[in-house]
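Enquirer: My file is protein_26.txt. It has compact mmCIF, C-alpha atoms:
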# COMPACT_ATOMS: atom_id res chain seq x y z
CA MET A 292 32.95 286.71 164.26
CA ASP A 293 30.94 288.70 161.70
CA LEU A 294 33.04 288.39 158.56
CA ILE A 295 30.63 290.48 156.47
CA ASN A 296 30.61 293.62 158.60
CA GLU A 297 33.73 293.34 160.75
CA PRO A 298 37.28 293.85 159.41
CA TRP A 299 39.20 290.61 158.91
CA PRO A 300 42.05 289.75 161.29
CA TRP A 301 45.51 288.98 159.87
CA TYR A 302 45.20 285.23 160.45
CA ILE A 303 42.26 285.07 158.06
CA ALA A 304 43.45 287.54 155.41
CA GLY A 305 47.12 286.45 155.29
CA PRO A 306 46.56 282.74 154.60
CA LEU A 307 43.86 283.61 152.04
CA ILE A 308 46.30 285.88 150.20
CA GLY A 309 48.93 283.11 150.37
CA LEU A 310 46.48 280.78 148.61
CA PHE A 311 46.56 283.01 145.51
CA ILE A 312 50.01 281.62 144.77
CA PRO A 313 48.91 277.98 144.22
CA LEU A 314 45.59 279.11 142.70
CA LEU A 315 47.30 281.20 140.00
CA LEU A 316 49.88 278.49 139.37
CA VAL A 317 47.32 275.72 139.04
CA ILE A 318 44.64 277.55 137.04
CA GLY A 319 46.99 279.43 134.72
CA ASN A 320 50.64 278.57 135.45
CA LYS A 321 51.12 282.26 136.31
CA SER A 322 53.29 283.84 138.97
CA PHE A 323 51.50 286.18 141.36
CA GLY A 324 52.28 289.85 140.73
CA ILE A 325 50.41 293.12 140.43
CA SER A 326 52.83 295.93 139.56
CA SER A 327 53.75 294.72 136.05
CA SER A 328 50.14 295.55 135.12
CA PHE A 329 51.18 299.23 134.93
CA LYS A 330 53.66 298.33 132.19
CA HIS A 331 51.20 296.11 130.31
CA ILE A 332 48.45 298.75 130.45
CA CYS A 333 50.93 301.35 129.09
CA ALA A 334 51.88 298.98 126.28
CA ALA A 335 48.21 298.26 125.52
CA CYS A 336 46.80 301.79 125.69
CA LEU A 337 49.56 304.25 124.80
CA PRO A 338 51.55 304.82 121.59
CA VAL A 339 54.81 303.58 123.12
CA LYS A 340 55.82 300.80 120.71
CA LYS A 341 58.95 302.78 119.74
CA ILE A 342 60.29 302.43 123.28
CA GLU A 343 62.11 299.11 123.60
CA PHE A 344 60.76 298.49 127.13
CA PHE A 345 57.17 298.52 125.84
CA ASN A 346 57.84 296.78 122.52
CA TYR A 347 56.40 293.32 123.22
CA ASN A 348 53.07 291.63 122.73
CA TRP A 349 51.06 292.88 125.71
CA LYS A 350 48.29 290.41 124.82
CA ASP A 351 50.52 287.64 126.24
CA TYR A 352 49.97 289.37 129.59
CA SER A 353 46.31 290.30 129.20
CA TRP A 354 45.55 287.93 132.11
CA ASN A 355 47.44 290.34 134.38
CA ILE A 356 45.41 293.36 133.21
CA VAL A 357 42.19 291.38 133.76
CA LEU A 358 43.42 290.38 137.24
CA VAL A 359 43.94 293.98 138.39
CA PHE A 360 40.62 295.01 136.85
CA GLY A 361 39.16 292.24 139.02
CA VAL A 362 40.86 293.76 142.10
CA LEU A 363 39.12 297.06 141.38
CA LEU A 364 35.82 295.27 140.81
CA GLY A 365 36.12 293.24 144.04
CA ALA A 366 36.67 296.42 146.03
CA LEU A 367 33.69 298.04 144.28
CA ILE A 368 31.45 295.09 145.19
CA THR A 369 32.64 295.24 148.82
CA GLY A 370 31.77 298.93 148.91
CA PHE A 371 28.23 298.17 147.73
CA LEU A 372 27.73 295.49 150.38
CA VAL A 373 29.22 297.15 153.45
CA ASP A 374 29.95 300.64 154.73
CA LEU A 375 33.65 301.41 154.31
CA ASN A 376 33.63 304.82 155.97
CA TYR A 377 34.02 303.57 159.51
CA ASP A 378 36.69 304.81 161.95
CA ILE A 379 39.65 302.48 161.60
CA ALA A 380 40.82 300.72 164.77
CA ILE A 381 44.56 301.34 164.47
CA SER A 382 46.75 301.50 167.56
CA GLU A 383 46.44 304.54 169.82
CA GLU A 384 50.18 305.16 169.47
CA THR A 385 49.80 305.53 165.71
CA LYS A 386 46.79 307.83 166.16
CA ASN A 387 48.78 310.01 168.54
CA ALA A 388 51.77 310.12 166.21
CA LEU A 389 49.58 311.04 163.24
CA SER A 390 47.74 313.73 165.20
CA THR A 391 51.06 315.59 165.54
CA ILE A 392 51.15 315.97 161.75
CA GLY A 393 47.58 317.26 161.59
CA ILE A 394 45.61 314.08 161.03
CA SER A 395 42.51 313.84 163.21
CA ASN A 396 39.97 312.15 160.91
CA PHE A 397 40.44 308.36 160.96
CA SER A 398 37.34 307.43 158.97
CA GLY A 399 37.71 305.61 155.67
CA PHE A 400 40.94 304.25 154.23
CA ILE A 401 42.78 307.47 153.44
CA PRO A 402 43.47 310.50 155.62
CA SER A 403 40.97 313.05 154.31
CA ASP A 404 42.74 315.77 156.33
CA ILE A 405 45.61 315.62 153.84
CA PHE A 406 44.32 313.69 150.79
CA SER A 407 40.84 314.58 149.53
CA TRP A 408 39.26 316.49 146.64
CA ASP A 409 37.86 319.03 149.12
CA ASN A 410 41.26 319.78 150.64
CA LEU A 411 43.25 319.45 147.40
CA THR A 412 46.13 321.91 147.32
CA LEU A 413 49.12 322.18 145.02
CA LYS A 414 51.08 320.44 147.77
CA SER A 415 48.75 317.47 148.22
CA PHE A 416 48.34 317.19 144.43
CA THR A 417 52.13 317.00 144.08
CA LEU A 418 52.43 314.48 146.93
CA LEU A 419 49.79 312.18 145.42
CA ILE A 420 51.20 312.31 141.89
CA GLY A 421 54.78 312.12 143.22
CA GLY A 422 54.03 309.24 145.60
CA GLY A 423 52.39 307.32 142.78
CA PHE A 424 55.38 308.10 140.57
CA LEU A 425 57.74 306.59 143.16
CA VAL A 426 55.54 303.49 143.36
CA GLY A 427 55.40 303.05 139.58
CA PHE A 428 59.05 303.84 138.91
CA GLY A 429 60.33 301.97 141.97
CA THR A 430 58.40 298.77 141.36
CA ARG A 431 59.62 298.56 137.75
CA TYR A 432 63.19 299.36 138.76
CA ALA A 433 63.01 296.76 141.58
CA ASN A 434 61.21 294.36 139.20
CA GLY A 435 58.27 293.77 141.55
CA CYS A 436 56.11 295.01 144.40
CA THR A 437 54.65 293.67 147.63
CA SER A 438 52.89 290.85 145.78
CA GLY A 439 55.63 289.89 143.30
CA HIS A 440 58.60 290.24 145.67
CA ALA A 441 57.30 290.10 149.26
CA ILE A 442 54.71 287.36 148.76
CA MET A 443 55.61 285.42 145.58
CA GLY A 444 59.38 286.06 145.76
CA LEU A 445 59.78 285.25 149.45
CA SER A 446 57.63 282.12 148.97
CA LEU A 447 60.22 281.03 146.39
CA LEU A 448 62.97 281.83 148.94
CA SER A 449 64.51 284.28 146.44
CA ILE A 450 67.48 286.31 147.68
CA GLY A 451 66.76 289.09 145.18
CA SER A 452 63.22 289.38 146.51
CA LEU A 453 64.43 289.45 150.11
CA ILE A 454 66.78 292.32 149.19
CA ALA A 455 63.92 294.11 147.43
CA VAL A 456 61.71 293.74 150.53
CA ILE A 457 64.53 295.11 152.70
CA GLY A 458 64.62 298.03 150.25
CA PHE A 459 60.85 298.54 150.60
CA PHE A 460 61.31 298.89 154.36
CA ILE A 461 64.37 301.14 154.13
CA GLY A 462 62.34 303.46 151.89
CA GLY A 463 59.18 303.25 154.01
CA LEU A 464 61.01 303.88 157.29
CA LEU A 465 62.95 306.77 155.76
CA MET A 466 59.71 308.38 154.54
CA THR A 467 57.77 307.80 157.77
CA HIS A 468 60.41 308.69 160.35
CA ILE A 469 62.76 311.12 158.58
CA LEU A 470 60.83 312.81 155.76
CA PHE A 471 57.28 313.05 157.18
CA PRO A 472 58.16 315.81 159.68
CA TYR A 473 59.51 317.91 156.78
CA ILE A 474 56.62 317.16 154.43
CA PHE A 475 53.65 317.52 156.80
CA MET B 226 36.58 284.63 127.90
CA LYS B 227 39.61 282.53 128.76
CA ASN B 228 40.57 285.32 131.16
CA ILE B 229 37.36 285.26 133.21
CA LYS B 230 39.00 283.10 135.87
CA PHE B 231 41.58 285.82 136.44
CA LEU B 232 38.80 288.40 136.76
CA ILE B 233 37.15 286.31 139.48
CA LEU B 234 40.45 285.66 141.24
CA GLY B 235 41.30 289.37 141.09
CA ALA B 236 37.89 290.24 142.55
CA PHE B 237 38.49 287.92 145.50
CA PHE B 238 41.89 289.56 146.01
CA GLY B 239 40.22 292.98 145.98
CA ILE B 240 37.67 291.87 148.58
CA ILE B 241 40.44 290.53 150.85
CA LEU B 242 42.54 293.71 150.50
CA VAL B 243 39.55 295.83 151.52
CA LYS B 244 38.16 293.60 154.29
CA SER B 245 41.60 293.20 155.92
CA GLU B 246 42.28 296.96 155.68
CA VAL B 247 45.51 296.38 153.71
CA VAL B 248 44.22 299.24 151.52
CA SER B 249 44.27 301.60 154.49
CA TRP B 250 46.86 304.40 154.55
CA PHE B 251 46.55 304.25 158.34
CA ARG B 252 47.47 300.53 158.47
CA ILE B 253 50.60 301.19 156.40
CA GLN B 254 51.62 303.97 158.78
CA GLU B 255 51.03 301.62 161.72
CA MET B 256 53.27 299.05 160.00
CA PHE B 257 56.16 301.44 159.32
CA ARG B 258 55.92 302.64 162.94
CA PHE B 259 55.95 299.00 164.22
CA GLN B 260 52.85 299.70 166.32
CA SER B 261 50.75 296.70 165.31
CA PHE B 262 51.29 293.13 164.17
CA HIS B 263 48.44 293.31 161.65
CA MET B 264 50.36 293.94 158.39
CA PHE B 265 53.33 291.79 159.41
CA GLY B 266 50.94 288.97 160.27
CA ILE B 267 49.24 289.25 156.88
CA ILE B 268 52.43 289.32 154.81
CA GLY B 269 54.14 286.71 157.00
CA SER B 270 51.31 284.17 156.98
CA ALA B 271 50.77 284.72 153.23
CA VAL B 272 54.44 283.86 152.64
CA VAL B 273 54.22 280.74 154.85
CA ILE B 274 51.14 279.47 152.99
CA GLY B 275 52.71 280.42 149.63
CA ALA B 276 56.00 278.66 150.37
CA ILE B 277 54.29 275.49 151.64
CA SER B 278 52.02 275.49 148.57
CA ILE B 279 54.97 275.75 146.18
CA LEU B 280 56.76 272.97 148.05
CA ILE B 281 53.71 270.70 147.77
CA ILE B 282 53.23 271.53 144.08
CA LYS B 283 56.88 270.67 143.34
CA LYS B 284 57.07 267.56 145.55
CA LEU B 285 53.85 266.04 144.21
CA ASN B 286 54.57 267.33 140.69
CA ILE B 287 51.08 268.85 140.52
CA LYS B 288 50.22 270.01 136.99
CA SER B 289 48.26 273.09 135.94
CA ILE B 290 44.69 272.52 134.73
CA LYS B 291 46.08 272.58 131.18
CA GLY B 292 48.48 269.79 132.12
CA GLU B 293 51.62 271.95 132.10
CA THR B 294 54.44 271.34 134.57
CA ILE B 295 54.44 274.08 137.21
CA ASN B 296 57.93 275.37 137.82
CA PRO B 297 57.86 278.99 139.04
CA THR B 298 61.30 280.55 139.00
CA ALA B 299 62.64 283.25 141.28
CA LYS B 300 63.40 286.59 139.64
CA PRO B 301 67.15 287.07 139.12
CA PHE B 302 69.04 289.08 141.73
CA GLN B 303 70.12 292.53 140.57
CA LYS B 304 71.40 295.66 142.33
CA SER B 305 68.23 297.44 141.30
CA ASN B 306 66.20 295.19 143.64
CA LEU B 307 67.56 297.35 146.45
CA ILE B 308 67.63 300.77 144.75
CA GLY B 309 64.21 300.32 143.15
CA GLY B 310 62.90 298.81 146.37
CA ILE B 311 63.92 301.89 148.35
CA ILE B 312 62.27 304.18 145.78
CA PHE B 313 59.07 302.12 145.93
CA GLY B 314 59.18 302.07 149.76
CA LEU B 315 59.34 305.89 149.86
CA GLY B 316 56.20 306.06 147.73
CA TRP B 317 54.46 303.23 149.60
CA ALA B 318 54.75 305.07 152.94
CA LEU B 319 53.77 308.43 151.42
CA ILE B 320 50.56 307.37 149.66
CA GLY B 321 49.96 304.36 151.95
CA ALA B 322 49.27 302.03 149.05
CA CYS B 323 51.21 299.51 147.01
CA PRO B 324 49.96 298.59 143.52
CA GLY B 325 47.16 296.13 144.51
CA PRO B 326 45.61 298.55 147.00
CA LEU B 327 45.93 301.40 144.47
CA TYR B 328 43.44 299.64 142.21
CA ALA B 329 41.29 298.55 145.17
CA LEU B 330 41.11 302.08 146.59
CA ILE B 331 39.61 303.34 143.33
CA GLY B 332 37.06 300.51 143.41
CA ALA B 333 36.24 301.30 147.03
CA GLY B 334 35.29 304.83 145.97
CA ASN B 335 38.41 306.82 146.90
CA THR B 336 38.49 308.62 143.57
CA ILE B 337 41.25 311.00 144.71
CA TYR B 338 43.60 308.01 144.29
CA ILE B 339 43.27 308.40 140.54
CA LEU B 340 46.14 310.88 141.07
CA PRO B 341 48.65 308.32 142.45
CA ILE B 342 47.60 305.93 139.67
CA ILE B 343 48.38 308.60 137.06
CA GLY B 344 51.67 309.13 138.90
CA ALA B 345 52.42 305.40 138.80
CA PHE B 346 51.86 305.25 135.03
CA LEU B 347 54.11 308.30 134.60
CA GLY B 348 56.74 306.55 136.70
CA VAL B 349 56.59 303.42 134.56
CA LEU B 350 56.77 305.50 131.36
CA ILE B 351 59.83 307.39 132.59
CA TYR B 352 61.43 304.12 133.70
CA GLY B 353 60.76 302.65 130.25
CA LEU B 354 62.37 305.67 128.58
CA PHE B 355 65.52 305.65 130.70
CA LYS B 356 65.87 301.95 131.53
CA ASN B 357 69.06 301.49 129.53
CA LYS B 358 70.74 304.47 131.21
CA LEU B 359 70.00 303.26 134.75
CA PRO B 360 72.34 300.96 136.71
CA HIS B 361 70.77 297.53 137.25
Would you write out, as structure tokens, the structure that this file holds?

Expert:
Amino acid sequence: MDLINEPWPWYIAGPLIGLFIPLLLVIGNKSFGISSSFKHICAACLPVKKIEFFNYNWKDYSWNIVLVFGVLLGALITGFLVDLNYDIAISEETKNALSTIGISNFSGFIPSDIFSWDNLTLKSFTLLIGGGFLVGFGTRYANGCTSGHAIMGLSLLSIGSLIAVIGFFIGGLLMTHILFPYIF
Amino acid sequence: MKNIKFLILGAFFGIILVKSEVVSWFRIQEMFRFQSFHMFGIIGSAVVIGAISILIIKKLNIKSIKGETINPTAKPFQKSNLIGGIIFGLGWALIGACPGPLYALIGAGNTIYILPIIGAFLGVLIYGLFKNKLPH
């Protein structure tokens, strides 16, 4: 298997991601989580001290801001080393389903038929900002995201995290199967 | 400088997210349509490794490199786990990215995803403003 140029299968990527839990615990006594970085970056960069939610010492969480900056950097490095604009090998069923909503270009990581600077419309602009809004608002309201609840929380056998993950799927299924035909 | 280890760890996480295509909008669609095992395999095996690791750390009383006792605690259950989770799930399926991949997509050159990141910060700001008025 060519791990430099070929995409990684789940049984390599999943266990590696799982190892971040003990790594973060042992090197820093920190719990794995990504979405709280949005809050810490707001607290660090914006004049929001008057809002109770942001009135804390963000420097106590600077490790989390550095971590997500590292995520961006790691992706940047990968992009320098290998071509990321290949056609993705998703299932034919998914390709067929997506073609009914006008998606025919499967190169890269995002569907350029609907989300790209070249095709930017008021609608796609609103969807991108709005989708991001739901992610930011929802993860704070749920107190975690895929990493904090699905991976760290479920590893701790937390009921709250299990309920959050069920919520993630209720929302995702609702969007994909009920709302997509109205949106696209 | 004390944070450099988190920068390196984050970079490895970014590489994994990109190489395993977790950052792909198409993979998230495939997951929510139950048409591939890929994403379920990744999340599932990560949880198995994570849970076993925590068990080992607790059983053997492994200390952090600073010598602190490691005792990660589960976040408290609240109603908002479900409500907030549903709101996040709606956004996750729409833009095909959860927070880690949002950062990674920018790094991988998908600059259009600066828009969802701006949206995410707006969402967190609005949450911060109205937190006390929301049911939790």

Enquirer: Tell me which protein, DNA and RNA residues are within 12 Å of B:Asn335, counting only C-alpha atoms, leaving out same-chain ones fewer than 5 positions away, and put them as a list in words.

Expert: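 My list of contacting residues is Leu363, Ala366, Leu367, Gly370, Leu375, Asn376, Gly399, Phe400, Ile401, Pro402, Ser403, Phe406, Ser407 and Trp408 of chain A; Val243, Val248, Ser249, Trp250, Pro326, Leu327, Tyr328, Ala329, Leu330, Leu340, Pro341 and Ile342 of chain B.
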
Enquirer: Excluding same-chain residues fewer than 3 positions from stretch 411-422 of chain A, what lies within 10 Å of it counting all atoms listed in the file, as an NGL selection string?

Expert: (:A and (403-408 or 425-428 or 474-475)) or (:B and (312-322 or 337-348))

Enquirer: Restricting the calculation to only C-alpha atoms, which member of A:Pro338, A:Gly423, A:Pro472, A:Gly439 is positioned closest to chain B?

Expert: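 Under the stated criterion, the closest residue is A:Gly423.
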
Enquirer: What is the atom CA of B:Cys323 to atom CA of A:Leu448 distance in Å?

Expert: 21.3 Å

Enquirer: Just want the 10 Å neighbourhood of B:Leu232, counted on all atoms listed in the file, with same-chain residues fewer than 6 positions away dropped. Output as a PyMOL selection string.

Expert: (chain A and resi 354-365) or (chain B and resi 226+238)

Enquirer: Go through A:Asn296, A:Asn387, A:Asn348, A:Ser353 and flag the residue nearest B:Gln260, using all atoms listed in the file for the distances.

Expert: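 Closest candidate: A:Asn387.
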
Enquirer: I need every residue sitting at most 12 Å from the point (61.2, 279.0, 139.5) (coordinates as in the file, all atoms listed in the file considered), written as a VMD selection string.

Expert: (chain A and resid 316 320 to 322 443 to 449) or (chain B and resid 279 to 280 282 to 283 294 to 301)

Enquirer: As a ChimeraX atom specification, please: the residues near B:Phe262 (cut-off 12 Å, all atoms listed in the file, same-chain neighbours under 6 positions excluded).

Expert: /A:300-302,305,381-382 /B:252-253,255-256,268-270

Enquirer: Which residues, written as a ChimeraX atom specification, have at least one atom at most 9 Å from B:Asn306, with all atoms listed in the file counted and residues fewer than 6 positions away on the same chain left out?

Expert: /A:430,432-435,451-456,458 /B:361
